[in-house]
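Heads up, run-v7.txt below (compact mmCIF, C-alpha atoms):
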```txt
# COMPACT_ATOMS: atom_id res chain seq x y z
CA MET A 1 -44.26 2.18 -15.31
CA THR A 2 -44.26 -0.44 -18.06
CA ASN A 3 -42.12 -3.56 -18.12
CA LEU A 4 -40.07 -2.13 -20.93
CA ASP A 5 -39.22 0.93 -18.86
CA GLN A 6 -38.20 -1.19 -15.91
CA ALA A 7 -35.97 -3.35 -18.10
CA SER A 8 -34.18 -0.38 -19.60
CA ASN A 9 -33.77 1.11 -16.14
CA ALA A 10 -32.07 -2.06 -14.96
CA ASN A 11 -29.79 -2.02 -18.02
CA TRP A 12 -28.82 1.57 -17.28
CA THR A 13 -28.08 0.64 -13.69
CA ILE A 14 -25.80 -2.23 -14.77
CA ILE A 15 -23.64 0.13 -16.83
CA PHE A 16 -23.75 2.67 -14.03
CA ILE A 17 -22.37 0.07 -11.60
CA CYS A 18 -19.68 -0.89 -14.13
CA TRP A 19 -18.74 2.77 -14.41
CA ILE A 20 -18.53 3.14 -10.63
CA ILE A 21 -16.28 0.06 -10.32
CA ALA A 22 -14.03 1.25 -13.15
CA SER A 23 -13.81 4.74 -11.62
CA VAL A 24 -13.00 3.43 -8.15
CA SER A 25 -10.34 1.12 -9.61
CA THR A 26 -8.83 3.94 -11.64
CA LEU A 27 -8.75 6.38 -8.73
CA GLY A 28 -7.45 3.60 -6.48
CA SER A 29 -4.59 2.77 -8.82
CA LEU A 30 -3.76 6.47 -9.12
CA PHE A 31 -3.81 6.71 -5.33
CA PHE A 32 -1.27 3.89 -5.04
CA SER A 33 1.08 5.42 -7.60
CA GLU A 34 0.66 9.17 -7.07
CA ILE A 35 -0.09 9.48 -3.37
CA MET A 36 1.53 6.41 -1.80
CA GLU A 37 4.21 6.46 -4.50
CA PHE A 38 4.26 2.74 -5.18
CA PRO A 39 5.91 2.43 -8.58
CA PRO A 40 3.52 0.59 -10.96
CA CYS A 41 5.09 -2.55 -12.47
CA ALA A 42 4.86 -3.45 -16.16
CA LEU A 43 1.81 -5.68 -15.68
CA CYS A 44 0.05 -2.93 -13.75
CA TRP A 45 0.62 -0.60 -16.68
CA TYR A 46 -0.96 -3.03 -19.17
CA GLN A 47 -3.98 -3.32 -16.91
CA ARG A 48 -4.18 0.46 -16.61
CA ILE A 49 -4.05 0.88 -20.38
CA PHE A 50 -7.25 -1.14 -20.78
CA MET A 51 -8.91 0.28 -17.69
CA PHE A 52 -8.53 4.06 -18.01
CA PRO A 53 -10.55 4.35 -21.28
CA LEU A 54 -13.36 2.23 -19.81
CA VAL A 55 -14.23 5.01 -17.36
CA LEU A 56 -15.05 7.34 -20.25
CA ILE A 57 -16.61 4.66 -22.46
CA PHE A 58 -19.06 3.65 -19.71
CA LEU A 59 -19.85 7.29 -18.98
CA THR A 60 -20.64 8.19 -22.59
CA GLY A 61 -22.72 5.00 -22.91
CA LEU A 62 -24.92 6.20 -20.04
CA PHE A 63 -26.09 9.45 -21.67
CA PRO A 64 -28.22 8.46 -23.44
CA PHE A 65 -28.13 4.74 -22.76
CA ASP A 66 -26.47 3.04 -25.74
CA LYS A 67 -26.91 -0.68 -26.33
CA SER A 68 -23.69 -0.93 -28.32
CA ILE A 69 -21.74 -0.14 -25.14
CA VAL A 70 -21.31 -3.90 -24.63
CA LYS A 71 -19.68 -4.24 -28.01
CA TYR A 72 -17.10 -1.57 -27.23
CA ALA A 73 -16.51 -2.21 -23.54
CA LEU A 74 -16.38 -6.00 -23.46
CA PRO A 75 -13.12 -6.51 -25.43
CA LEU A 76 -11.29 -4.01 -23.24
CA ALA A 77 -12.71 -5.47 -20.06
CA ILE A 78 -11.87 -9.07 -21.06
CA LEU A 79 -8.29 -8.19 -22.01
CA ARG A 80 -7.99 -6.27 -18.78
CA TRP A 81 -9.27 -9.30 -16.88
CA CYS A 82 -6.74 -11.60 -18.58
CA PHE A 83 -3.86 -9.39 -17.46
CA ALA A 84 -5.31 -9.23 -13.95
CA PHE A 85 -5.65 -13.01 -13.82
CA TYR A 86 -2.10 -13.53 -15.07
CA HIS A 87 -0.83 -11.00 -12.55
CA TYR A 88 -2.72 -12.73 -9.78
CA LEU A 89 -1.20 -16.10 -10.71
CA LEU A 90 2.27 -14.55 -10.70
CA TYR A 91 1.66 -12.82 -7.43
CA SER A 92 0.38 -15.84 -5.61
CA GLY A 93 3.30 -17.89 -6.90
CA ILE A 94 1.33 -20.28 -9.12
CA ILE A 95 3.44 -19.13 -12.08
CA PRO A 96 7.12 -19.17 -11.08
CA GLU A 97 9.04 -15.92 -10.88
CA SER A 98 11.46 -16.68 -13.66
CA LEU A 99 8.60 -16.54 -16.14
CA GLN A 100 7.60 -13.00 -15.33
CA PRO A 101 8.00 -10.48 -18.13
CA CYS A 102 9.24 -7.54 -16.08
CA SER A 103 12.90 -8.05 -15.35
CA GLN A 104 13.92 -4.43 -14.98
CA GLY A 105 12.83 -1.84 -12.48
CA VAL A 106 9.86 -2.94 -10.46
CA SER A 107 9.05 -6.52 -9.67
CA CYS A 108 5.51 -7.64 -10.49
CA SER A 109 5.44 -10.00 -7.54
CA GLU A 110 6.63 -7.72 -4.76
CA THR A 111 3.96 -7.26 -2.10
CA TYR A 112 3.14 -3.62 -1.44
CA LEU A 113 -0.19 -3.86 0.22
CA ASP A 114 -1.83 -6.60 2.22
CA LEU A 115 -5.21 -5.78 3.75
CA PHE A 116 -6.69 -8.28 6.19
CA GLY A 117 -4.12 -10.83 5.08
CA PHE A 118 -5.60 -11.57 1.67
CA LEU A 119 -6.52 -8.34 -0.15
CA THR A 120 -3.50 -7.47 -2.26
CA ILE A 121 -3.46 -5.01 -5.16
CA PRO A 122 -3.65 -7.72 -7.90
CA MET A 123 -6.46 -9.37 -5.91
CA LEU A 124 -8.45 -6.11 -5.84
CA SER A 125 -7.85 -5.74 -9.56
CA LEU A 126 -9.04 -9.28 -10.29
CA ILE A 127 -12.18 -8.88 -8.15
CA SER A 128 -13.23 -5.60 -9.72
CA PHE A 129 -12.74 -6.74 -13.28
CA SER A 130 -14.34 -10.13 -12.74
CA THR A 131 -17.38 -8.17 -11.60
CA ILE A 132 -17.33 -5.85 -14.60
CA VAL A 133 -16.93 -8.70 -17.11
CA THR A 134 -19.75 -10.65 -15.46
CA LEU A 135 -22.06 -7.63 -15.47
CA LEU A 136 -21.31 -6.96 -19.14
CA PHE A 137 -22.13 -10.58 -20.06
CA ILE A 138 -25.39 -10.35 -18.11
CA LEU A 139 -26.24 -7.16 -19.98
CA LYS A 140 -25.36 -8.76 -23.30
CA ARG A 141 -27.83 -11.61 -22.64
CA ARG A 142 -30.54 -9.23 -21.50
CA LEU A 143 -30.16 -7.09 -24.60
CA SER A 144 -30.22 -10.04 -27.01
CA LYS A 145 -33.51 -11.29 -25.61
CA MET B 1 -31.87 11.10 -20.78
CA ARG B 2 -33.40 11.58 -17.36
CA LYS B 3 -32.47 14.43 -15.08
CA GLN B 4 -32.11 12.24 -12.00
CA ASP B 5 -29.61 10.01 -13.83
CA ILE B 6 -27.41 12.99 -14.57
CA VAL B 7 -27.65 14.16 -10.98
CA LEU B 8 -26.76 10.67 -9.74
CA VAL B 9 -23.65 10.52 -11.92
CA LEU B 10 -22.57 14.05 -11.01
CA ILE B 11 -22.95 13.31 -7.30
CA SER B 12 -20.95 10.10 -7.75
CA ILE B 13 -18.13 11.95 -9.52
CA GLY B 14 -18.06 14.58 -6.79
CA PHE B 15 -18.10 11.94 -4.06
CA LEU B 16 -15.30 9.88 -5.62
CA ILE B 17 -13.07 12.92 -6.07
CA PHE B 18 -13.84 14.00 -2.52
CA LEU B 19 -12.84 10.55 -1.20
CA TYR B 20 -9.61 10.65 -3.21
CA VAL B 21 -8.60 14.08 -1.92
CA LEU B 22 -9.59 13.21 1.64
CA GLY B 23 -7.65 9.94 1.49
CA ALA B 24 -4.62 11.74 0.09
CA SER B 25 -4.59 14.33 2.85
CA ILE B 26 -5.07 11.71 5.59
CA TYR B 27 -2.26 9.61 4.14
CA LYS B 28 0.15 12.56 3.80
CA ASN B 29 -0.57 13.61 7.38
CA GLN B 30 0.08 10.12 8.66
CA GLN B 31 3.37 9.92 6.75
CA ALA B 32 4.49 13.29 8.11
CA LYS B 33 3.75 12.10 11.67
CA LYS B 34 5.66 8.88 11.05
CA TYR B 35 8.76 10.76 9.89
CA GLU B 36 8.49 13.20 12.76
CA PHE B 37 8.50 10.25 15.14
CA MET B 38 11.50 8.72 13.36
CA ALA B 39 13.36 12.04 13.52
CA GLN B 40 12.96 12.00 17.29
CA GLU B 41 13.43 8.33 18.03
CA ASN B 42 15.83 7.41 15.30
CA ALA B 43 17.75 10.52 14.34
CA SER B 44 20.67 8.52 12.95
CA THR B 45 18.54 7.41 9.99
CA PHE B 46 18.65 11.04 8.86
CA VAL B 47 22.20 11.97 9.89
CA ARG B 48 24.91 9.33 10.12
CA GLU B 49 28.30 9.78 11.72
CA HIS B 50 29.91 9.66 8.29
CA SER B 51 27.57 12.23 6.72
CA GLN B 52 29.17 15.32 5.24
CA THR B 53 27.65 18.53 6.58
CA LEU B 54 27.83 22.20 5.75
CA GLY B 55 26.93 25.07 8.06
CA SER B 56 27.17 25.97 11.73
CA ASP B 57 26.97 23.25 14.40
CA ASP B 58 24.60 25.52 16.31
CA ALA B 59 22.10 25.61 13.46
CA LYS B 60 18.66 24.42 14.51
CA VAL B 61 17.30 23.64 11.06
CA TYR B 62 18.73 20.44 9.63
CA LEU B 63 18.28 20.17 5.88
CA VAL B 64 18.95 16.56 4.90
CA GLU B 65 19.38 16.01 1.19
CA PHE B 66 19.52 12.57 -0.40
CA SER B 67 21.39 13.31 -3.59
CA ASP B 68 23.17 11.77 -6.52
CA PRO B 69 26.12 13.53 -8.21
CA ALA B 70 24.77 12.39 -11.60
CA CYS B 71 21.24 13.72 -11.03
CA GLU B 72 20.33 16.85 -12.98
CA THR B 73 17.72 18.08 -10.53
CA CYS B 74 20.20 17.79 -7.63
CA SER B 75 22.59 19.94 -9.62
CA ALA B 76 19.83 22.46 -10.31
CA PHE B 77 18.88 22.58 -6.62
CA HIS B 78 22.41 23.01 -5.29
CA PRO B 79 22.75 26.78 -5.93
CA PHE B 80 19.25 27.28 -4.56
CA VAL B 81 20.10 25.45 -1.32
CA LYS B 82 23.32 27.45 -0.93
CA LYS B 83 21.42 30.67 -1.49
CA MET B 84 18.91 29.73 1.21
CA MET B 85 21.82 29.09 3.59
CA ALA B 86 23.40 32.43 2.71
CA VAL B 87 20.14 34.28 3.32
CA ASN B 88 19.78 32.65 6.75
CA PRO B 89 23.35 32.62 8.05
CA GLY B 90 24.05 30.15 10.86
CA LYS B 91 20.51 28.82 10.95
CA ILE B 92 20.66 26.00 8.43
CA LYS B 93 22.85 22.93 8.43
CA LEU B 94 23.01 20.96 5.21
CA VAL B 95 23.51 17.20 5.52
CA VAL B 96 24.47 15.36 2.34
CA ARG B 97 23.28 11.78 2.06
CA TYR B 98 23.78 9.64 -1.01
CA ALA B 99 21.13 8.01 -3.13
CA PRO B 100 23.09 7.19 -6.30
CA PHE B 101 20.13 5.82 -8.27
CA HIS B 102 21.64 6.54 -11.70
CA ASP B 103 23.53 3.63 -13.25
CA GLY B 104 27.14 3.77 -12.14
CA ALA B 105 26.59 6.88 -10.03
CA ASP B 106 28.40 5.41 -7.03
CA TYR B 107 31.61 5.94 -9.04
CA PHE B 108 31.16 9.69 -8.58
CA VAL B 109 30.25 9.34 -4.92
CA LYS B 110 33.53 7.46 -4.44
CA ILE B 111 35.48 10.28 -6.09
CA LEU B 112 33.65 12.79 -3.93
CA GLU B 113 34.39 10.91 -0.72
CA ALA B 114 38.04 10.52 -1.75
CA ALA B 115 38.20 14.28 -2.32
CA ARG B 116 36.93 14.74 1.22
CA LYS B 117 40.19 13.20 2.49
CA GLN B 118 42.00 16.06 0.76
CA GLY B 119 39.66 18.60 2.34
CA LYS B 120 38.20 19.52 -1.04
CA TYR B 121 34.72 18.04 -0.71
CA TRP B 122 32.60 21.10 -1.49
CA GLU B 123 34.93 22.33 -4.25
CA THR B 124 34.70 18.92 -5.91
CA LEU B 125 30.92 18.84 -5.57
CA GLU B 126 30.71 22.27 -7.24
CA VAL B 127 32.90 21.11 -10.11
CA MET B 128 30.89 17.90 -10.52
CA TYR B 129 27.55 19.68 -10.67
CA LYS B 130 28.88 22.32 -13.03
CA THR B 131 30.41 19.86 -15.49
CA GLN B 132 27.68 17.25 -15.13
CA PRO B 133 26.22 17.75 -18.65
CA TYR B 134 29.55 16.60 -20.15
CA TRP B 135 29.91 13.28 -18.36
CA ALA B 136 26.41 12.32 -17.19
CA SER B 137 24.27 12.62 -20.32
CA HIS B 138 21.52 10.01 -20.19
CA HIS B 139 21.91 8.64 -23.69
CA ASN B 140 25.70 8.66 -23.59
CA PRO B 141 27.21 8.66 -20.07
CA GLN B 142 31.00 9.04 -20.10
CA PRO B 143 32.19 8.74 -16.51
CA GLN B 144 35.85 8.86 -17.55
CA LEU B 145 35.41 12.43 -18.78
CA ILE B 146 35.09 13.66 -15.21
CA TRP B 147 38.85 13.28 -14.69
CA LYS B 148 39.43 16.14 -17.12
CA PHE B 149 37.52 18.50 -14.85
CA LEU B 150 38.70 17.35 -11.43
CA PRO B 151 42.03 19.27 -11.42
CA SER B 152 40.07 22.54 -11.33
CA ALA B 153 38.97 21.59 -7.79
CA GLY B 154 42.64 21.47 -6.83
CA LEU B 155 42.79 17.71 -6.30
CA ASP B 156 45.66 15.27 -6.28
CA LEU B 157 44.26 12.84 -8.87
CA GLU B 158 46.73 10.05 -8.10
CA LYS B 159 45.60 10.08 -4.49
CA ILE B 160 41.93 10.12 -5.51
CA ARG B 161 42.41 7.01 -7.65
CA ASN B 162 43.85 5.22 -4.62
CA ASP B 163 41.42 6.50 -2.00
CA MET B 164 38.22 5.97 -3.95
CA ASN B 165 38.50 2.20 -3.66
CA ASP B 166 38.50 2.31 0.13
CA PRO B 167 35.95 -0.29 1.30
CA GLU B 168 34.80 2.20 3.94
CA ILE B 169 33.33 4.34 1.15
CA ALA B 170 31.43 1.42 -0.33
CA LYS B 171 30.08 0.67 3.14
CA LEU B 172 28.99 4.27 3.58
CA ILE B 173 27.11 4.23 0.26
CA LYS B 174 25.39 1.01 1.23
CA GLN B 175 24.29 2.52 4.55
CA ASP B 176 22.96 5.66 2.85
CA LEU B 177 21.02 3.59 0.33
CA ALA B 178 19.53 1.53 3.16
CA ASP B 179 18.47 4.70 4.99
CA ALA B 180 16.99 6.10 1.76
CA LYS B 181 14.89 2.95 1.51
CA THR B 182 13.76 3.24 5.13
CA LEU B 183 12.77 6.86 4.55
CA ASN B 184 10.98 5.98 1.32
CA VAL B 185 13.27 8.10 -0.85
CA ARG B 186 12.76 6.84 -4.41
CA LYS B 187 13.75 9.96 -6.32
CA THR B 188 16.58 12.46 -5.98
CA PRO B 189 16.96 14.97 -4.55
CA GLY B 190 14.99 13.80 -1.50
CA PHE B 191 14.70 16.52 1.11
CA PHE B 192 13.92 16.34 4.83
CA VAL B 193 13.83 19.44 6.99
CA ASN B 194 14.19 18.52 10.66
CA GLY B 195 12.79 15.13 9.73
CA LYS B 196 9.81 16.53 7.84
CA PRO B 197 9.69 15.26 4.26
CA LEU B 198 9.17 17.63 1.34
CA THR B 199 5.79 16.26 0.28
CA ILE B 200 5.24 18.39 -2.82
CA PHE B 201 8.42 18.82 -4.82
CA GLY B 202 9.55 22.28 -5.90
CA TYR B 203 11.77 25.26 -5.11
CA ARG B 204 8.99 27.27 -3.52
CA GLN B 205 7.75 24.31 -1.45
CA LEU B 206 11.26 23.62 -0.12
CA GLN B 207 11.73 27.26 0.77
CA GLU B 208 8.38 27.36 2.58
CA LEU B 209 9.23 24.22 4.56
CA VAL B 210 12.64 25.61 5.57
CA GLU B 211 11.16 29.00 6.47
CA SER B 212 8.44 27.43 8.61
CA GLU B 213 11.11 25.52 10.56
CA ILE B 214 13.22 28.66 10.97
CA LYS B 215 10.16 30.46 12.30
CA GLU B 216 9.55 27.68 14.78
CA TYR B 217 13.08 27.57 16.17
CA TYR B 218 14.27 31.20 16.00
```
Once you've parsed the file, please lay out its structure as structure tokens.
Amino acid sequence: MTNLDQASNANWTIIFICWIIASVSTLGSLFFSEIMEFPPCALCWYQRIFMFPLVLIFLTGLFPFDKSIVKYALPLAILRWCFAFYHYLLYSGIIPESLQPCSQGVSCSETYLDLFGFLTIPMLSLISFSTIVTLLFILKRRLSK
Amino acid sequence: MRKQDIVLVLISIGFLIFLYVLGASIYKNQQAKKYEFMAQENASTFVREHSQTLGSDDAKVYLVEFSDPACETCSAFHPFVKKMMAVNPGKIKLVVRYAPFHDGADYFVKILEAARKQGKYWETLEVMYKTQPYWASHHNPQPQLIWKFLPSAGLDLEKIRNDMNDPEIAKLIKQDLADAKTLNVRKTPGFFVNGKPLTIFGYRQLQELVESEIKEYY
């Protein structure tokens, strides 16, 4: 196998991992709302809006591997990350409650899930999308070389 | 495009969906067990002293319904529930609990409870459900319109206006809402049959759940 082959294999794998993370996050969020019947708050919906299409965008970018995937996926992923970060700040109380945009229906700062004392839903969201954004930036650098 | 890549992705999709379905069934099972436990240990969460019931006291199948007089689906389910009770005479006991989630719906619960003091509870409930489209439209709710229809239930309206402000009724609604929260009822109607929640919503599913309980106890 040549170096070029190996490099393109690694690039494919990066997008594959991104796709897996996006799929797990999507199915996870659907599990919370459809199976456990936690009502998604407004901020969760904005994050979902930018996350659901990524599953399909990553998948189509894999067959065959398409370099321009970064161009299309990165804006969605970054926006998604911004919402996740904002949500995390709200949730952990760094931004005070009065500033939160969702006044009606479901509170964005109510705790529904708390695994091992630190893994909350916004935390999971922030972790997964930090990973995706980082991977996409790594791929962007590799491709521009 | 390499064949093994496609296989890898297909296997991943299959695996993820499998995990989702497995997780869902484990979770639903766990919930069902939890409610079963509550039905045994904490029966009053399902049936309070104040709860209005219909059917024989000897009935072994308790159908608890968290309902809202202003909820369209509750209205649609009411004839179905009564039909099920008619088909299985003496076997089903209906327990009405309140979950007035619609804006201002506790107004109608108060009228209903006031009607109970005149012994006209079920007549009033029938009239409310039947005339619901006139006073409970979502874009233009007109609660006052209900007074036009109440006389057909044979009620003394003056007495209703006095009785509906009884603080006992407000307390009862508060208790029912608290129990609805404990039992994770977020939508109406919320059904429990002998403490078992209706996990998939629908006429057929409710009938199957009731029939399986009848089979077990008769």
Any chance you could tabulate, as CSV, the residues of chain A at most 10 Å from chain B with each one's nearest atom pair and distance in Å to one decimal, using only C-alpha atoms, in chain and rising number order?
```
residue,atom,partner,partner_atom,distance
A:Trp12,CA,B:Asp5,CA,9.2
A:Thr13,CA,B:Asp5,CA,9.5
A:Phe16,CA,B:Val9,CA,8.1
A:Trp19,CA,B:Val9,CA,9.5
A:Ile20,CA,B:Ser12,CA,7.9
A:Ser23,CA,B:Leu16,CA,8.0
A:Val24,CA,B:Leu16,CA,7.3
A:Leu27,CA,B:Tyr20,CA,7.0
A:Gly28,CA,B:Tyr20,CA,8.1
A:Leu30,CA,B:Tyr20,CA,9.3
A:Phe31,CA,B:Tyr20,CA,7.3
A:Phe32,CA,B:Ala24,CA,10.0
A:Glu34,CA,B:Ala24,CA,9.3
A:Ile35,CA,B:Ala24,CA,6.1
A:Met36,CA,B:Tyr27,CA,7.7
A:Glu37,CA,B:Arg186,CA,8.6
A:Phe38,CA,B:Arg186,CA,9.5
A:Pro39,CA,B:Arg186,CA,9.2
A:Leu59,CA,B:Val9,CA,8.6
A:Leu62,CA,B:Met1,CA,8.5
A:Phe63,CA,B:Met1,CA,6.1
A:Pro64,CA,B:Met1,CA,5.2
A:Phe65,CA,B:Met1,CA,7.6
```
Surrounding residues of B:His50 excluding itself and chain neighbours under 5 positions, 10 Å, all atoms listed in the file, as a list in words: Val96, Arg97, Glu168, Ile169, Leu172, Gln175 and Asp176 of chain B
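Computed from the coordinates, the atom CA of B:Trp135 to atom CA of B:Gln52 distance equals 23.7 Å.
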Between atom CA of B:Ala39 and atom CA of B:Ala180 - distance in Å to one decimal: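 Atom CA of B:Ala180 sits 13.7 Å away from atom CA of B:Ala39.
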Neighbours of A:Lys67 within 12 Å (only C-alpha atoms; same-chain residues fewer than 5 positions away dropped), as a ChimeraX atom specification? /A:8,11-12,14-15,58,60-62,72-73,136,139-144
Do a neighbour search on stretch 82-89 of chain B at 9 Å with only C-alpha atoms, toss out local chain neighbours closer than 3 positions, and write the hits as a PyMOL selection string. chain B and resi 55-56+59+77-79+92-94+207+210+214
Rounded to one decimal, what separation in Å do you get between atom CA of B:Thr131 and atom CA of B:Ala99?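 Computing it gives 19.5 Å between the two atoms.
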What's the 12 Å shell around stretch 111-125 of chain B, counting all atoms listed in the file, without same-chain residues fewer than 6 positions away, as a ChimeraX atom specification? /B:50-55,67-70,74-75,78-79,82,94,96-98,105,131-132,143-144,146-147,149-173
Keeping C-alpha atoms, export the residues of the selection given above as an mmCIF file, in the coordinates of the input.
```
data_model
loop_
_atom_site.group_PDB
_atom_site.id
_atom_site.type_symbol
_atom_site.label_atom_id
_atom_site.label_comp_id
_atom_site.auth_asym_id
_atom_site.auth_seq_id
_atom_site.Cartn_x
_atom_site.Cartn_y
_atom_site.Cartn_z
ATOM 1 C CA HIS B 50 29.910 9.660 8.290
ATOM 2 C CA SER B 51 27.570 12.230 6.720
ATOM 3 C CA GLN B 52 29.170 15.320 5.240
ATOM 4 C CA THR B 53 27.650 18.530 6.580
ATOM 5 C CA LEU B 54 27.830 22.200 5.750
ATOM 6 C CA GLY B 55 26.930 25.070 8.060
ATOM 7 C CA SER B 67 21.390 13.310 -3.590
ATOM 8 C CA ASP B 68 23.170 11.770 -6.520
ATOM 9 C CA PRO B 69 26.120 13.530 -8.210
ATOM 10 C CA ALA B 70 24.770 12.390 -11.600
ATOM 11 C CA CYS B 74 20.200 17.790 -7.630
ATOM 12 C CA SER B 75 22.590 19.940 -9.620
ATOM 13 C CA HIS B 78 22.410 23.010 -5.290
ATOM 14 C CA PRO B 79 22.750 26.780 -5.930
ATOM 15 C CA LYS B 82 23.320 27.450 -0.930
ATOM 16 C CA LEU B 94 23.010 20.960 5.210
ATOM 17 C CA VAL B 96 24.470 15.360 2.340
ATOM 18 C CA ARG B 97 23.280 11.780 2.060
ATOM 19 C CA TYR B 98 23.780 9.640 -1.010
ATOM 20 C CA ALA B 105 26.590 6.880 -10.030
ATOM 21 C CA THR B 131 30.410 19.860 -15.490
ATOM 22 C CA GLN B 132 27.680 17.250 -15.130
ATOM 23 C CA PRO B 143 32.190 8.740 -16.510
ATOM 24 C CA GLN B 144 35.850 8.860 -17.550
ATOM 25 C CA ILE B 146 35.090 13.660 -15.210
ATOM 26 C CA TRP B 147 38.850 13.280 -14.690
ATOM 27 C CA PHE B 149 37.520 18.500 -14.850
ATOM 28 C CA LEU B 150 38.700 17.350 -11.430
ATOM 29 C CA PRO B 151 42.030 19.270 -11.420
ATOM 30 C CA SER B 152 40.070 22.540 -11.330
ATOM 31 C CA ALA B 153 38.970 21.590 -7.790
ATOM 32 C CA GLY B 154 42.640 21.470 -6.830
ATOM 33 C CA LEU B 155 42.790 17.710 -6.300
ATOM 34 C CA ASP B 156 45.660 15.270 -6.280
ATOM 35 C CA LEU B 157 44.260 12.840 -8.870
ATOM 36 C CA GLU B 158 46.730 10.050 -8.100
ATOM 37 C CA LYS B 159 45.600 10.080 -4.490
ATOM 38 C CA ILE B 160 41.930 10.120 -5.510
ATOM 39 C CA ARG B 161 42.410 7.010 -7.650
ATOM 40 C CA ASN B 162 43.850 5.220 -4.620
ATOM 41 C CA ASP B 163 41.420 6.500 -2.000
ATOM 42 C CA MET B 164 38.220 5.970 -3.950
ATOM 43 C CA ASN B 165 38.500 2.200 -3.660
ATOM 44 C CA ASP B 166 38.500 2.310 0.130
ATOM 45 C CA PRO B 167 35.950 -0.290 1.300
ATOM 46 C CA GLU B 168 34.800 2.200 3.940
ATOM 47 C CA ILE B 169 33.330 4.340 1.150
ATOM 48 C CA ALA B 170 31.430 1.420 -0.330
ATOM 49 C CA LYS B 171 30.080 0.670 3.140
ATOM 50 C CA LEU B 172 28.990 4.270 3.580
ATOM 51 C CA ILE B 173 27.110 4.230 0.260
#
```
Kindly compute an axis-aligned box around the listed atoms of stretch 157-168 of chain B, allowing 8 Å on each side, and express its centre and edge lengths in Å to one decimal as lines of an AutoDock Vina configuration file.
```
center_x = 40.8
center_y = 6.3
center_z = -2.5
size_x = 27.9
size_y = 29.1
size_z = 28.8
```
Closest to B:Tyr134 among B:Leu183, B:Phe192, B:Tyr217, B:Glu72, using all atoms listed in the file?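 The answer is B:Glu72, which sits nearest to B:Tyr134.
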Proximity to A:Ile49 - best of A:Val70, A:Leu126, A:Ile21, A:Leu79, all atoms listed in the file: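 Of A:Val70, A:Leu126, A:Ile21, A:Leu79, the one nearest A:Ile49 is A:Leu79, counting all atoms listed in the file.
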Please return, as a ChimeraX atom specification, all polymer residues that have at least one atom within 8 Å of the point (-11.3, -7.8, -19.3); use all atoms listed in the file and the file's own coordinate frame. /A:50,74-83,129-130,132-133
Pull out stretch 119-137 of chain B, keep C-alpha atoms, and write it as a short mmCIF file (atom, residue, chain, number, x, y, z; two decimals), in the first residue's frame.
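What landed in decode_3.cif:
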```cif
data_model
loop_
_atom_site.label_atom_id
_atom_site.label_comp_id
_atom_site.auth_asym_id
_atom_site.auth_seq_id
_atom_site.Cartn_x
_atom_site.Cartn_y
_atom_site.Cartn_z
CA GLY B 119 -75.46 13.69 41.73
CA LYS B 120 -75.12 14.58 38.06
CA TYR B 121 -71.43 13.87 37.52
CA TRP B 122 -71.61 11.45 34.59
CA GLU B 123 -74.44 13.35 32.87
CA THR B 124 -72.37 16.53 33.07
CA LEU B 125 -69.26 14.77 31.76
CA GLU B 126 -71.26 13.48 28.78
CA VAL B 127 -72.56 16.96 28.02
CA MET B 128 -69.08 18.47 28.35
CA TYR B 129 -67.48 15.99 25.98
CA LYS B 130 -70.31 16.29 23.48
CA THR B 131 -70.27 20.09 23.37
CA GLN B 132 -66.51 20.42 23.70
CA PRO B 133 -65.93 21.68 20.11
CA TYR B 134 -68.03 24.78 20.90
CA TRP B 135 -66.20 25.99 23.99
CA ALA B 136 -62.73 24.41 23.86
CA SER B 137 -61.45 25.26 20.38
#
```
